[in-house]
Structure formats: structure tokens, C-alpha cells
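To start, the structure under review is shown below, and the notes come after it.
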Amino acid sequence: MATMSFDLGTIVRGAASALRACGQPDTSDLAARLDSLPTIARFDSTRESPRAANCLADALTAPGHHALADHIPADPAGLPWTEGTLPMPVSFRGRYMFTKLAGPDAPLRADGFYFGLYLQSPETFYPSHWHRAEEHYYVLSGSHDWQKGDGPFVRHPAGTLIHHRPDEPHAMRTGAGPLLAMWTWTGDLDAGSYRIVG
């Protein structure tokens, strides 16, 4: 396992700009937090990438992708992607991966929030789940369906923001292409609160 240094400045500043452009008080606060971060990080990198990495290149080059995707390394080893250790349904394992780029235990150390990237394979359903953290997703690639609570699935193309309140059940499904998004957690960051509904 090699330790790499990577200047995350373009990704972090681009994420801050996108969140600020949403024009909401909570996203403006998130943008200010991102702008306050140092941008050169060191992290452990391994060539053993999560299985979902096989669709990363497709997400980065999909028609209509957000400009921020142009600055994300196409080589999965370029960022600390993982599937994590939370319990997942068998049908979902190997179909997603995420990074923590900023946060209490992330390459860019920050208190009180997480910021990272998320990738979900095509033709994949992420079952309804919830957690105590307040969550924002900002879609960078593709056009995908989100559900909140028992409501209908709603299509969200690249450049749109999705907000999940604490303890609000939500689900996501992809179609023919992969989903690439940035995500943030604020509030109660304890991943132990994560639950799959039912």
C-alpha cells in the first residue's frame, strides 16, 4: 500500500462553487466550510479498487456531466474509494463506492461535517435507508431517480441538489448509466445510526 499526496483543490473549490450557486443558506454554509479547507492531502492508496470502479470512466465522460467531473481522476487509485463496512443487502454489494475527502477521519481533516464523492453502478437500486446525519447530494453525472419516504421517485439530472433531513428514509435507483455525485453529511455523523428500512 502506497501513501500518495494529491492536491484536492480543484475538486473542493469546484464543489464549493456548485453548492454556493444553489443559493440556499445550508448549502452556502457548506460552501464556506469547503473553502476553509487546506487542499493538499495524503492518503493510503491501493490498486485493489472496489468492483464499482469499472463504471467510473463512464460516469466521468457521460453526456451532460457537470464540469466538476472533469477534475476527478479516472484511475480509481487516484482517490481513496471504498465500499465501506456498513451492512448492505446482497443485491447492492459491489454496486457502489464512495470517498470521504473531508471530515473528522478523512484526508482533509475537518470537524462537524463530511464531504466526498459517491458512485453507483447502472441498473442498480439502493434500498430505502436512513441515518441521523443531514445529507446533501449534488448530481455530477447522469439522470437518476430519488425517493423520499413513501413519495414517488423523482428524476434528478446532473447539476441538481437533493436534500435528506435527519432520519428521513430515502432510496436511489440508476438506469442505463452510472450515478456520480458529491455528498455531504452534517449534524450527527455517527454512522452507527445507519439503517436499511425493513
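In the C-alpha cells, each chain is lettered A, B, ... as it comes, each chain's residues begin at 1, and ligands are numbered from 1 in order of appearance.
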
Range 97-166 of chain A residues near range 17-40 of chain A within 10 Å, closest pair each, using only C-alpha atoms, as CSV:
residue,atom,partner,partner_atom,distance
A:Leu101,CA,A:Thr39,CA,9.9
A:Ala102,CA,A:Leu37,CA,8.3
A:Pro107,CA,A:Ile40,CA,8.7
A:Leu108,CA,A:Pro38,CA,7.0
A:Arg109,CA,A:Leu37,CA,8.1
A:Ala110,CA,A:Leu37,CA,7.5
A:Asp111,CA,A:Arg33,CA,9.7
A:Gly112,CA,A:Arg33,CA,9.6
A:Phe113,CA,A:Leu30,CA,8.6
A:Tyr114,CA,A:Leu30,CA,9.8
A:Phe115,CA,A:Leu34,CA,8.3
A:His136,CA,A:Thr27,CA,8.5
A:Tyr137,CA,A:Leu19,CA,9.9
A:Tyr138,CA,A:Leu19,CA,8.0
A:Gly159,CA,A:Ala18,CA,8.1
A:Thr160,CA,A:Cys22,CA,8.6
A:Leu161,CA,A:Cys22,CA,7.7
A:His163,CA,A:Thr27,CA,9.9

Could you write out the selected residues, including C-alpha atoms, as a PDB file, in the first residue's frame?
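Done, and the output landed in part-v7.pdb:
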ATOM      1  CA  LEU A 101     -12.414  13.550   1.195  1.00  0.00           C
ATOM      2  CA  ALA A 102     -13.051  15.864   4.164  1.00  0.00           C
ATOM      3  CA  PRO A 107      -7.625  13.030   4.267  1.00  0.00           C
ATOM      4  CA  LEU A 108      -8.702  16.670   4.687  1.00  0.00           C
ATOM      5  CA  ARG A 109      -9.315  16.916   8.425  1.00  0.00           C
ATOM      6  CA  ALA A 110     -12.479  18.854   9.293  1.00  0.00           C
ATOM      7  CA  ASP A 111     -14.805  18.885  12.274  1.00  0.00           C
ATOM      8  CA  GLY A 112     -18.578  18.733  12.106  1.00  0.00           C
ATOM      9  CA  PHE A 113     -19.115  17.542   8.537  1.00  0.00           C
ATOM     10  CA  TYR A 114     -18.176  15.071   5.847  1.00  0.00           C
ATOM     11  CA  PHE A 115     -17.635  15.777   2.159  1.00  0.00           C
ATOM     12  CA  HIS A 136     -26.973  16.644   0.617  1.00  0.00           C
ATOM     13  CA  TYR A 137     -26.246  15.033  -2.735  1.00  0.00           C
ATOM     14  CA  TYR A 138     -25.293  17.055  -5.806  1.00  0.00           C
ATOM     15  CA  GLY A 159     -26.467  19.813 -11.678  1.00  0.00           C
ATOM     16  CA  THR A 160     -29.308  19.230  -9.222  1.00  0.00           C
ATOM     17  CA  LEU A 161     -29.284  19.071  -5.428  1.00  0.00           C
ATOM     18  CA  HIS A 163     -31.531  17.165   0.470  1.00  0.00           C
TER      19      HIS A 163
END

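Residues in contact with Arg95 in chain A at 8 Å, where only C-alpha atoms are counted and same-chain residues fewer than 6 positions away are skipped, are listed as Arg51, Ala52, Gln120, Ser121 and Thr124 of chain A.
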
Backbone DSSP call of helix (DSSP H, G or I) for range 9-198 of chain A, listed as a ChimeraX atom specification: /A:9-21,25-35,51-61,67-71,76-78,191-193

Close residues, Ser91 in chain A itself excluded, 10 Å, only C-alpha atoms, min 3 positions apart in chain, as a PyMOL selection string: chain A and resi 88+94-95+124-127

Every residue of range 8-191 of chain A that DSSP places in strand (DSSP E or B), as a PyMOL selection string: chain A and resi 40-45+82+96-103+108-109+113-120+125-130+134-141+143-148+154-157+161-164+170-173+179-186

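The shortest atom-to-atom distance to Asp58 in chain A, with only C-alpha atoms taken into account, belongs to A:Ser141 out of A:Pro169, A:Arg195, A:Ser141, A:Pro73.
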
Out of A:Thr99, A:Thr10, A:Asn54, A:Ser143, which residue has the shortest atom-to-atom distance to Glu83 in chain A when counting only C-alpha atoms? A:Thr99

Would you kindly return, as a PDB file with N, CA, C and O atoms, in the first residue's frame, each protein, DNA or RNA residue with an atom no farther than 8 Å from any atom of Leu119 in chain A, considering only C-alpha atoms and excluding same-chain residues fewer than 4 positions away?
ATOM      1  N   ALA A  52     -17.257  -1.516  -8.156  1.00  0.00           N
ATOM      2  CA  ALA A  52     -17.996  -0.476  -8.876  1.00  0.00           C
ATOM      3  C   ALA A  52     -17.085   0.448  -9.674  1.00  0.00           C
ATOM      4  O   ALA A  52     -17.560   1.198 -10.532  1.00  0.00           O
ATOM      5  N   LEU A  56     -16.502   3.920 -13.399  1.00  0.00           N
ATOM      6  CA  LEU A  56     -16.086   5.300 -13.099  1.00  0.00           C
ATOM      7  C   LEU A  56     -15.820   6.089 -14.368  1.00  0.00           C
ATOM      8  O   LEU A  56     -16.276   7.231 -14.507  1.00  0.00           O
ATOM      9  N   TYR A  96     -21.603  -0.069  -5.671  1.00  0.00           N
ATOM     10  CA  TYR A  96     -21.425   1.328  -5.273  1.00  0.00           C
ATOM     11  C   TYR A  96     -20.032   1.494  -4.677  1.00  0.00           C
ATOM     12  O   TYR A  96     -19.372   0.524  -4.289  1.00  0.00           O
ATOM     13  N   MET A  97     -19.581   2.735  -4.591  1.00  0.00           N
ATOM     14  CA  MET A  97     -18.374   3.076  -3.844  1.00  0.00           C
ATOM     15  C   MET A  97     -18.433   4.561  -3.511  1.00  0.00           C
ATOM     16  O   MET A  97     -19.200   5.318  -4.124  1.00  0.00           O
ATOM     17  N   PHE A  98     -17.660   4.952  -2.512  1.00  0.00           N
ATOM     18  CA  PHE A  98     -17.680   6.357  -2.099  1.00  0.00           C
ATOM     19  C   PHE A  98     -16.304   6.750  -1.576  1.00  0.00           C
ATOM     20  O   PHE A  98     -15.463   5.896  -1.278  1.00  0.00           O
ATOM     21  N   PRO A 178     -24.233   5.105 -14.990  1.00  0.00           N
ATOM     22  CA  PRO A 178     -23.905   5.215 -13.574  1.00  0.00           C
ATOM     23  C   PRO A 178     -24.240   6.595 -13.010  1.00  0.00           C
ATOM     24  O   PRO A 178     -24.349   7.576 -13.748  1.00  0.00           O
ATOM     25  N   LEU A 179     -24.390   6.635 -11.708  1.00  0.00           N
ATOM     26  CA  LEU A 179     -24.589   7.880 -10.964  1.00  0.00           C
ATOM     27  C   LEU A 179     -23.266   8.288 -10.338  1.00  0.00           C
ATOM     28  O   LEU A 179     -22.626   7.481  -9.661  1.00  0.00           O
ATOM     29  N   LEU A 180     -22.855   9.529 -10.565  1.00  0.00           N
ATOM     30  CA  LEU A 180     -21.734  10.127  -9.855  1.00  0.00           C
ATOM     31  C   LEU A 180     -22.253  11.372  -9.168  1.00  0.00           C
ATOM     32  O   LEU A 180     -22.922  12.197  -9.805  1.00  0.00           O
ATOM     33  N   ALA A 181     -21.984  11.517  -7.894  1.00  0.00           N
ATOM     34  CA  ALA A 181     -22.474  12.669  -7.137  1.00  0.00           C
ATOM     35  C   ALA A 181     -21.460  13.049  -6.070  1.00  0.00           C
ATOM     36  O   ALA A 181     -20.615  12.240  -5.676  1.00  0.00           O
TER      37      ALA A 181
END

Where does range 134-183 of chain A meet range 188-194 of chain A within 10 Å, residue by residue, with the nearest atom pair and distance in Å to one decimal for each, counting only C-alpha atoms, listed by chain and rising number, as CSV?
residue,atom,partner,partner_atom,distance
A:Glu134,CA,A:Asp188,CA,7.6
A:Pro166,CA,A:Asp188,CA,8.4
A:Asp167,CA,A:Ser193,CA,8.9

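Using only C-alpha atoms, the shortest contact distance between Ala53 in chain A and any of A:Pro76, A:His65, A:Asp150, A:His71 is found at A:Pro76.
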